[in-house]
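*Asks:* Take this structure, written in C-alpha coordinates, and hold onto it; I'll ask about it next.
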Amino acid sequence: MNVLNWIILIAGFCLIPSGVLWLCRKYAFLKKIGPVMLLYGLGIIIGNIGLMPEQMPAVQELLSNAMVPLAIPLMLFGCTFNMKGARSQILALVTGMISVATAVVIGYFIFGRDLPEGAKIGGMLTGVYTGGTINLAALKTMLGVDDGTYILINSYDILVSFLYLSFLLAIGIRLFRKFLPNSLGTFTAKDEAAIRNEMDKEDRKPVRSFFTRIGLAYTAKLLGLTLVIVGISAGVALLLPSSMFMTIFILMLTTLGIACSFIKKIHNMKYSYDIGMYFIYIFCIVVASMADLSKLNLAAGMELLGYLLVAVFGSLLLQIIFAKIFRIDSDMMVIASVTFINSPPFVPMMAAAMKNKDVLIPGLTIGVIGYAAGNYLGFLMSQLLGLL
(Lines give C-alpha, C1' and ligand atoms only; values in the text may rest on other atoms or scores of the structure.)
Protein backbone atom coordinates (compact mmCIF):
# COMPACT_ATOMS: atom_id res chain seq x y z
CA MET A 1 0.00 0.00 0.00
CA ASN A 2 2.91 2.35 0.77
CA VAL A 3 4.30 1.85 -2.74
CA LEU A 4 0.87 2.59 -4.19
CA ASN A 5 0.69 5.84 -2.19
CA TRP A 6 4.09 6.87 -3.53
CA ILE A 7 2.98 6.19 -7.09
CA ILE A 8 -0.29 8.10 -6.64
CA LEU A 9 1.41 11.13 -5.06
CA ILE A 10 4.20 11.34 -7.64
CA ALA A 11 1.73 10.86 -10.51
CA GLY A 12 -0.57 13.51 -9.03
CA PHE A 13 2.16 16.12 -8.70
CA CYS A 14 3.43 15.34 -12.21
CA LEU A 15 0.02 15.40 -13.93
CA ILE A 16 -1.66 18.35 -12.22
CA PRO A 17 0.45 20.93 -14.14
CA SER A 18 -0.77 19.41 -17.41
CA GLY A 19 -4.37 19.96 -16.32
CA VAL A 20 -3.61 23.54 -15.21
CA LEU A 21 -1.98 24.32 -18.59
CA TRP A 22 -5.06 22.94 -20.38
CA LEU A 23 -7.37 25.09 -18.23
CA CYS A 24 -5.23 28.19 -18.91
CA ARG A 25 -5.60 27.62 -22.65
CA LYS A 26 -9.34 27.05 -22.36
CA TYR A 27 -10.30 29.91 -20.03
CA ALA A 28 -9.02 33.45 -20.60
CA PHE A 29 -9.35 34.55 -16.96
CA LEU A 30 -7.15 31.65 -15.79
CA LYS A 31 -4.64 32.46 -18.49
CA LYS A 32 -4.37 35.99 -17.06
CA ILE A 33 -3.60 34.55 -13.62
CA GLY A 34 -1.00 32.25 -15.16
CA PRO A 35 -0.03 28.62 -14.48
CA VAL A 36 2.67 29.46 -11.92
CA MET A 37 0.29 31.37 -9.65
CA LEU A 38 -2.42 28.72 -10.02
CA LEU A 39 0.01 25.92 -9.19
CA TYR A 40 1.21 27.78 -6.10
CA GLY A 41 -2.38 28.16 -4.92
CA LEU A 42 -3.20 24.51 -5.55
CA GLY A 43 0.00 23.44 -3.81
CA ILE A 44 -0.85 25.37 -0.65
CA ILE A 45 -4.34 23.83 -0.61
CA ILE A 46 -2.95 20.32 -1.11
CA GLY A 47 -0.37 20.77 1.64
CA ASN A 48 -2.84 22.09 4.22
CA ILE A 49 -6.06 20.11 3.79
CA GLY A 50 -4.83 17.50 6.27
CA LEU A 51 -5.77 14.50 4.13
CA MET A 52 -2.36 13.59 2.69
CA PRO A 53 -0.76 10.20 3.51
CA GLU A 54 2.35 9.89 5.68
CA GLN A 55 4.56 9.47 2.59
CA MET A 56 3.83 13.08 1.57
CA PRO A 57 6.98 14.73 3.06
CA ALA A 58 9.31 12.17 1.46
CA VAL A 59 7.68 12.61 -1.95
CA GLN A 60 7.84 16.40 -1.62
CA GLU A 61 11.54 16.31 -0.79
CA LEU A 62 12.28 13.91 -3.64
CA LEU A 63 10.46 15.92 -6.31
CA SER A 64 11.57 19.37 -5.13
CA ASN A 65 15.21 18.27 -5.11
CA ALA A 66 14.96 16.58 -8.51
CA MET A 67 12.99 19.00 -10.66
CA VAL A 68 15.29 22.05 -10.75
CA PRO A 69 18.53 20.16 -11.57
CA LEU A 70 16.66 18.49 -14.44
CA ALA A 71 15.13 21.77 -15.63
CA ILE A 72 18.25 23.95 -15.71
CA PRO A 73 20.16 22.14 -18.51
CA LEU A 74 16.99 21.59 -20.55
CA MET A 75 16.10 25.27 -20.46
CA LEU A 76 19.65 26.23 -21.44
CA PHE A 77 20.07 23.90 -24.45
CA GLY A 78 18.10 26.16 -26.79
CA CYS A 79 19.43 29.49 -25.53
CA THR A 80 21.63 31.79 -27.60
CA PHE A 81 24.29 33.65 -25.63
CA ASN A 82 25.82 37.06 -26.20
CA MET A 83 27.09 40.03 -24.20
CA LYS A 84 23.85 41.96 -24.61
CA GLY A 85 22.75 43.40 -21.28
CA ALA A 86 26.09 42.77 -19.50
CA ARG A 87 25.91 46.21 -17.90
CA SER A 88 22.45 45.51 -16.45
CA GLN A 89 23.60 42.11 -15.18
CA ILE A 90 26.55 43.52 -13.26
CA LEU A 91 24.56 46.44 -11.89
CA ALA A 92 21.69 44.13 -10.87
CA LEU A 93 24.14 41.92 -8.96
CA VAL A 94 25.89 44.78 -7.13
CA THR A 95 22.80 46.87 -6.37
CA GLY A 96 20.88 43.74 -5.33
CA MET A 97 23.45 42.85 -2.66
CA ILE A 98 23.64 46.46 -1.48
CA SER A 99 19.83 46.57 -1.30
CA VAL A 100 19.60 43.43 0.83
CA ALA A 101 22.35 44.59 3.20
CA THR A 102 20.81 48.07 3.54
CA ALA A 103 17.30 46.69 4.16
CA VAL A 104 18.66 44.34 6.86
CA VAL A 105 20.35 47.26 8.63
CA ILE A 106 17.18 49.38 8.44
CA GLY A 107 15.11 46.46 9.72
CA TYR A 108 17.53 46.00 12.60
CA PHE A 109 17.00 49.57 13.81
CA ILE A 110 13.21 49.20 13.53
CA PHE A 111 12.73 45.64 14.86
CA GLY A 112 16.02 43.82 15.38
CA ARG A 113 17.24 45.69 18.45
CA ASP A 114 14.25 44.39 20.42
CA LEU A 115 15.05 40.76 19.56
CA PRO A 116 17.27 38.66 21.91
CA GLU A 117 19.54 37.60 19.04
CA GLY A 118 18.89 40.57 16.77
CA ALA A 119 22.42 40.97 15.41
CA LYS A 120 22.73 37.25 14.67
CA ILE A 121 19.28 37.24 13.02
CA GLY A 122 20.39 40.16 10.84
CA GLY A 123 23.40 38.12 9.75
CA MET A 124 21.21 35.11 8.95
CA LEU A 125 18.78 37.24 6.93
CA THR A 126 21.67 38.72 4.97
CA GLY A 127 22.95 35.23 4.19
CA VAL A 128 19.62 33.72 3.20
CA TYR A 129 18.54 36.74 1.11
CA THR A 130 21.79 36.90 -0.83
CA GLY A 131 22.22 33.12 -1.04
CA GLY A 132 19.68 30.54 0.04
CA THR A 133 18.52 28.13 2.74
CA ILE A 134 21.92 26.41 2.73
CA ASN A 135 23.47 29.72 3.85
CA LEU A 136 20.81 30.14 6.53
CA ALA A 137 21.64 26.72 7.97
CA ALA A 138 25.39 27.38 7.79
CA LEU A 139 25.09 30.74 9.54
CA LYS A 140 22.87 29.24 12.22
CA THR A 141 25.76 26.95 13.12
CA MET A 142 28.46 29.60 12.67
CA LEU A 143 26.69 32.15 14.88
CA GLY A 144 25.27 29.70 17.44
CA VAL A 145 21.64 30.76 16.95
CA ASP A 146 18.97 29.15 19.15
CA ASP A 147 17.06 26.26 17.50
CA GLY A 148 13.69 27.87 18.25
CA THR A 149 14.74 31.13 16.60
CA TYR A 150 15.99 29.24 13.55
CA ILE A 151 12.71 27.34 13.17
CA LEU A 152 10.69 30.54 13.56
CA ILE A 153 12.78 32.32 10.89
CA ASN A 154 12.17 29.39 8.52
CA SER A 155 8.43 29.50 9.19
CA TYR A 156 8.13 33.24 8.63
CA ASP A 157 10.34 33.02 5.55
CA ILE A 158 7.80 30.67 3.94
CA LEU A 159 5.00 33.20 4.50
CA VAL A 160 6.94 36.33 3.49
CA SER A 161 8.51 34.69 0.43
CA PHE A 162 5.10 33.55 -0.75
CA LEU A 163 3.68 37.07 -0.35
CA TYR A 164 6.68 38.45 -2.24
CA LEU A 165 6.31 36.00 -5.14
CA SER A 166 2.56 36.54 -5.25
CA PHE A 167 3.07 40.29 -5.57
CA LEU A 168 5.59 39.89 -8.41
CA LEU A 169 3.46 37.39 -10.34
CA ALA A 170 0.18 39.25 -9.82
CA ILE A 171 1.21 42.85 -10.61
CA GLY A 172 4.92 43.43 -9.99
CA ILE A 173 6.37 42.25 -13.31
CA ARG A 174 3.86 44.22 -15.40
CA LEU A 175 4.12 47.27 -13.13
CA PHE A 176 7.93 47.47 -13.27
CA ARG A 177 7.96 47.04 -17.06
CA LYS A 178 5.82 50.16 -17.37
CA PHE A 179 8.10 52.64 -15.63
CA LEU A 180 11.58 51.03 -15.56
CA PRO A 181 13.96 50.68 -18.52
CA ASN A 182 13.84 47.38 -20.38
CA SER A 183 15.37 45.76 -23.44
CA LEU A 184 12.71 47.39 -25.63
CA GLY A 185 13.19 50.87 -24.20
CA THR A 186 10.21 52.51 -22.50
CA PHE A 187 7.54 49.85 -22.00
CA THR A 188 4.38 50.90 -23.82
CA ALA A 189 0.98 49.39 -24.46
CA LYS A 190 2.29 48.31 -27.87
CA ASP A 191 5.16 46.42 -26.21
CA GLU A 192 2.72 44.77 -23.82
CA ALA A 193 0.59 43.65 -26.77
CA ALA A 194 3.66 42.24 -28.51
CA ILE A 195 4.55 40.16 -25.45
CA ARG A 196 0.97 38.95 -25.21
CA ASN A 197 1.14 37.85 -28.87
CA GLU A 198 4.34 35.94 -28.14
CA MET A 199 2.62 34.25 -25.20
CA ASP A 200 -0.25 33.26 -27.49
CA LYS A 201 2.20 31.72 -29.95
CA GLU A 202 3.70 29.63 -27.17
CA ASP A 203 0.30 28.15 -26.24
CA ARG A 204 0.80 25.38 -28.77
CA LYS A 205 0.05 22.40 -26.54
CA PRO A 206 3.69 21.31 -26.08
CA VAL A 207 2.79 18.70 -23.46
CA ARG A 208 0.65 16.82 -26.00
CA SER A 209 3.53 16.99 -28.48
CA PHE A 210 5.76 15.10 -26.05
CA PHE A 211 3.70 11.96 -26.59
CA THR A 212 3.90 11.81 -30.37
CA ARG A 213 6.40 9.40 -31.92
CA ILE A 214 8.79 12.23 -32.82
CA GLY A 215 8.18 13.95 -29.49
CA LEU A 216 9.01 10.82 -27.50
CA ALA A 217 12.24 10.36 -29.44
CA TYR A 218 13.35 13.95 -28.73
CA THR A 219 12.24 13.69 -25.10
CA ALA A 220 14.20 10.47 -24.53
CA LYS A 221 17.38 11.96 -26.03
CA LEU A 222 17.05 15.20 -24.08
CA LEU A 223 16.34 13.48 -20.76
CA GLY A 224 19.22 11.07 -21.31
CA LEU A 225 21.64 13.93 -21.93
CA THR A 226 20.26 15.86 -18.98
CA LEU A 227 20.72 12.91 -16.62
CA VAL A 228 24.35 12.59 -17.75
CA ILE A 229 24.89 16.30 -17.01
CA VAL A 230 23.24 15.99 -13.59
CA GLY A 231 25.39 12.94 -12.78
CA ILE A 232 28.63 14.65 -13.81
CA SER A 233 27.71 17.82 -11.91
CA ALA A 234 26.85 15.92 -8.72
CA GLY A 235 30.01 13.82 -9.03
CA VAL A 236 32.23 16.89 -9.29
CA ALA A 237 30.41 18.63 -6.42
CA LEU A 238 30.86 15.58 -4.17
CA LEU A 239 34.63 15.76 -4.59
CA LEU A 240 34.68 19.10 -2.76
CA PRO A 241 33.67 20.01 0.82
CA SER A 242 29.98 19.47 1.55
CA SER A 243 29.52 23.16 2.37
CA MET A 244 30.28 23.95 -1.28
CA PHE A 245 28.06 21.24 -2.79
CA MET A 246 25.12 23.40 -3.87
CA THR A 247 27.31 26.18 -5.28
CA ILE A 248 29.44 23.77 -7.34
CA PHE A 249 26.44 21.67 -8.37
CA ILE A 250 24.49 24.60 -9.83
CA LEU A 251 27.64 26.07 -11.36
CA MET A 252 28.40 22.76 -13.12
CA LEU A 253 24.80 22.34 -14.31
CA THR A 254 24.84 25.84 -15.75
CA THR A 255 28.27 25.47 -17.36
CA LEU A 256 27.52 22.12 -19.01
CA GLY A 257 24.08 23.33 -20.13
CA ILE A 258 25.65 26.37 -21.77
CA ALA A 259 28.38 24.23 -23.37
CA CYS A 260 25.75 21.93 -24.91
CA SER A 261 23.85 24.93 -26.30
CA PHE A 262 26.82 25.62 -28.60
CA ILE A 263 26.46 22.14 -30.15
CA LYS A 264 24.15 22.80 -33.09
CA LYS A 265 22.50 19.37 -32.99
CA ILE A 266 21.51 19.84 -29.35
CA HIS A 267 20.66 23.53 -29.72
CA ASN A 268 18.14 22.74 -32.47
CA MET A 269 16.39 19.89 -30.64
CA LYS A 270 12.67 20.47 -30.18
CA TYR A 271 10.90 20.69 -26.84
CA SER A 272 13.95 21.16 -24.58
CA TYR A 273 12.69 24.46 -23.15
CA ASP A 274 9.11 23.15 -22.89
CA ILE A 275 10.21 20.03 -21.01
CA GLY A 276 12.34 22.13 -18.67
CA MET A 277 9.43 24.49 -18.02
CA TYR A 278 7.18 21.54 -17.23
CA PHE A 279 9.64 20.36 -14.58
CA ILE A 280 9.53 23.87 -13.14
CA TYR A 281 5.72 23.73 -13.01
CA ILE A 282 6.01 20.50 -11.01
CA PHE A 283 8.53 22.22 -8.74
CA CYS A 284 6.07 25.09 -8.15
CA ILE A 285 3.21 22.92 -6.92
CA VAL A 286 5.49 20.71 -4.82
CA VAL A 287 7.27 23.61 -3.10
CA ALA A 288 3.96 25.35 -2.38
CA SER A 289 2.56 22.13 -0.88
CA MET A 290 5.47 22.13 1.61
CA ALA A 291 4.22 25.36 3.23
CA ASP A 292 2.62 24.11 6.46
CA LEU A 293 0.56 27.13 7.52
CA SER A 294 -0.31 25.50 10.85
CA LYS A 295 3.30 25.95 11.99
CA LEU A 296 3.25 29.71 11.51
CA ASN A 297 3.08 31.03 15.08
CA LEU A 298 2.44 34.68 14.25
CA ALA A 299 1.77 35.68 17.85
CA ALA A 300 5.16 34.38 19.03
CA GLY A 301 7.28 36.97 17.29
CA MET A 302 5.71 39.91 15.48
CA GLU A 303 9.02 41.80 15.66
CA LEU A 304 10.75 38.97 13.82
CA LEU A 305 8.01 38.91 11.19
CA GLY A 306 8.37 42.67 10.79
CA TYR A 307 12.13 42.27 10.40
CA LEU A 308 11.66 39.76 7.54
CA LEU A 309 9.07 41.97 5.83
CA VAL A 310 11.44 44.95 5.90
CA ALA A 311 14.36 42.82 4.65
CA VAL A 312 12.38 41.37 1.72
CA PHE A 313 10.15 44.20 0.56
CA GLY A 314 12.62 46.89 1.62
CA SER A 315 15.33 45.33 -0.53
CA LEU A 316 12.90 45.14 -3.45
CA LEU A 317 12.02 48.83 -3.06
CA LEU A 318 15.71 49.79 -2.97
CA GLN A 319 16.41 47.70 -6.08
CA ILE A 320 13.61 49.50 -7.91
CA ILE A 321 15.15 52.86 -6.95
CA PHE A 322 18.60 51.72 -8.09
CA ALA A 323 17.13 50.40 -11.34
CA LYS A 324 15.55 53.78 -12.03
CA ILE A 325 18.75 55.68 -11.22
CA PHE A 326 21.16 53.40 -13.14
CA ARG A 327 18.70 52.40 -15.89
CA ILE A 328 18.84 48.69 -15.09
CA ASP A 329 16.60 46.50 -17.23
CA SER A 330 13.30 45.83 -15.41
CA ASP A 331 13.29 42.07 -15.99
CA MET A 332 16.96 41.87 -14.95
CA MET A 333 16.12 43.69 -11.73
CA VAL A 334 13.25 41.30 -11.01
CA ILE A 335 15.27 38.15 -11.71
CA ALA A 336 18.12 39.40 -9.51
CA SER A 337 15.68 40.14 -6.68
CA VAL A 338 14.07 36.70 -7.00
CA THR A 339 17.51 35.06 -7.09
CA PHE A 340 18.49 36.73 -3.85
CA ILE A 341 15.19 36.45 -1.97
CA ASN A 342 14.03 33.01 -3.14
CA SER A 343 17.38 31.48 -4.24
CA PRO A 344 18.50 30.20 -7.70
CA PRO A 345 16.04 27.26 -7.95
CA PHE A 346 13.28 29.84 -8.47
CA VAL A 347 15.07 31.54 -11.38
CA PRO A 348 13.79 29.20 -14.14
CA MET A 349 10.26 29.52 -12.74
CA MET A 350 10.39 33.32 -12.82
CA ALA A 351 11.99 33.37 -16.29
CA ALA A 352 9.13 31.19 -17.49
CA ALA A 353 6.56 33.46 -15.81
CA MET A 354 8.12 36.50 -17.50
CA LYS A 355 8.35 34.70 -20.87
CA ASN A 356 11.93 35.96 -21.04
CA LYS A 357 14.69 33.44 -21.74
CA ASP A 358 17.35 36.16 -21.73
CA VAL A 359 17.29 36.49 -17.93
CA LEU A 360 17.83 32.80 -17.22
CA ILE A 361 21.63 32.75 -17.40
CA PRO A 362 22.15 36.08 -15.57
CA GLY A 363 19.78 34.92 -12.82
CA LEU A 364 21.61 31.63 -12.30
CA THR A 365 24.99 33.36 -12.42
CA ILE A 366 23.93 35.91 -9.82
CA GLY A 367 22.55 33.06 -7.72
CA VAL A 368 25.82 31.11 -7.76
CA ILE A 369 27.71 34.24 -6.68
CA GLY A 370 25.12 34.77 -3.95
CA TYR A 371 25.56 31.21 -2.66
CA ALA A 372 29.32 31.71 -2.54
CA ALA A 373 29.15 35.13 -0.85
CA GLY A 374 26.18 34.56 1.48
CA ASN A 375 28.08 33.07 4.42
CA TYR A 376 30.76 35.78 4.32
CA LEU A 377 28.25 38.63 4.04
CA GLY A 378 26.05 37.14 6.76
CA PHE A 379 28.93 36.77 9.22
CA LEU A 380 30.19 40.30 8.53
CA MET A 381 26.68 41.72 8.95
CA SER A 382 26.21 40.00 12.33
CA GLN A 383 29.49 41.51 13.54
CA LEU A 384 28.56 44.97 12.24
CA LEU A 385 25.10 44.92 13.83
CA GLY A 386 26.63 43.75 17.11
CA LEU A 387 28.58 47.01 17.24
CA LEU A 388 25.56 49.27 16.62
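Identifiers in this document derive from the order of the C-alpha coordinates: chains are assigned A, B, ..., residues are numbered from 1 separately in each chain, and ligands are numbered from 1 in order of occurrence.
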For A:Asp292, work out the shell of residues within 10 Å, counting only C-alpha atoms and skipping chain neighbours fewer than 5 positions away, then give it as a VMD selection string.
*Replies:* chain A and resid 44 to 45 47 to 50 155 158 to 159
*Asks:* Please return as a PyMOL selection string: the residues of stretch 46-137 of chain A that backbone DSSP assigns to helix (DSSP H, G or I).
*Replies:* chain A and resi 46-48+56-77+86-110+112-114+118-128+133-137
*Asks:* Excluding A:Leu42 and its own-chain neighbours fewer than 3 positions away, which residues fall within 8 Å of it when counting only C-alpha atoms? Please give them as a ChimeraX atom specification.
*Replies:* /A:38-39,45-46,285,288-289
*Asks:* Go through A:Asn342, A:Ile335, A:Ala352, A:Ser64 one by one, measure the shortest atom-to-atom distance of each to A:Pro35 using only C-alpha atoms, and give the residue with the smallest value.
*Replies:* A:Ala352
*Asks:* Under the rule that only C-alpha atoms are counted, which of A:Phe13, A:Phe77, A:Tyr271, A:Phe179 is the nearest residue to A:Tyr40?
*Replies:* A:Phe13
*Asks:* For A:Leu227, which residue among A:Met349, A:Ile72, A:Leu304, A:Leu317 is the nearest when counting only C-alpha atoms?
*Replies:*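 Of all the options, A:Ile72 lies closest to A:Leu227.
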*Asks:* Calculate how many Å separate atom CA of A:Gly127 from atom CA of A:Leu377, rounding to one decimal.
*Replies:*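 Atom CA of A:Leu377 lies 6.3 Å from atom CA of A:Gly127.
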*Asks:* Rank nothing, just name the residue among A:Phe283, A:Phe262, A:Phe29, A:Trp22 nearest to A:Leu62, using only C-alpha atoms.
*Replies:*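 Between A:Phe283, A:Phe262, A:Phe29, A:Trp22, the residue approaching A:Leu62 most closely is A:Phe283.
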*Asks:* Point out the residue among A:Leu93, A:Leu74, A:Leu384, A:Ile173 with the least atom-to-atom distance to A:Ile229, counting only C-alpha atoms.
*Replies:*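 Ranked by minimum distance to A:Ile229, first place goes to A:Leu74.
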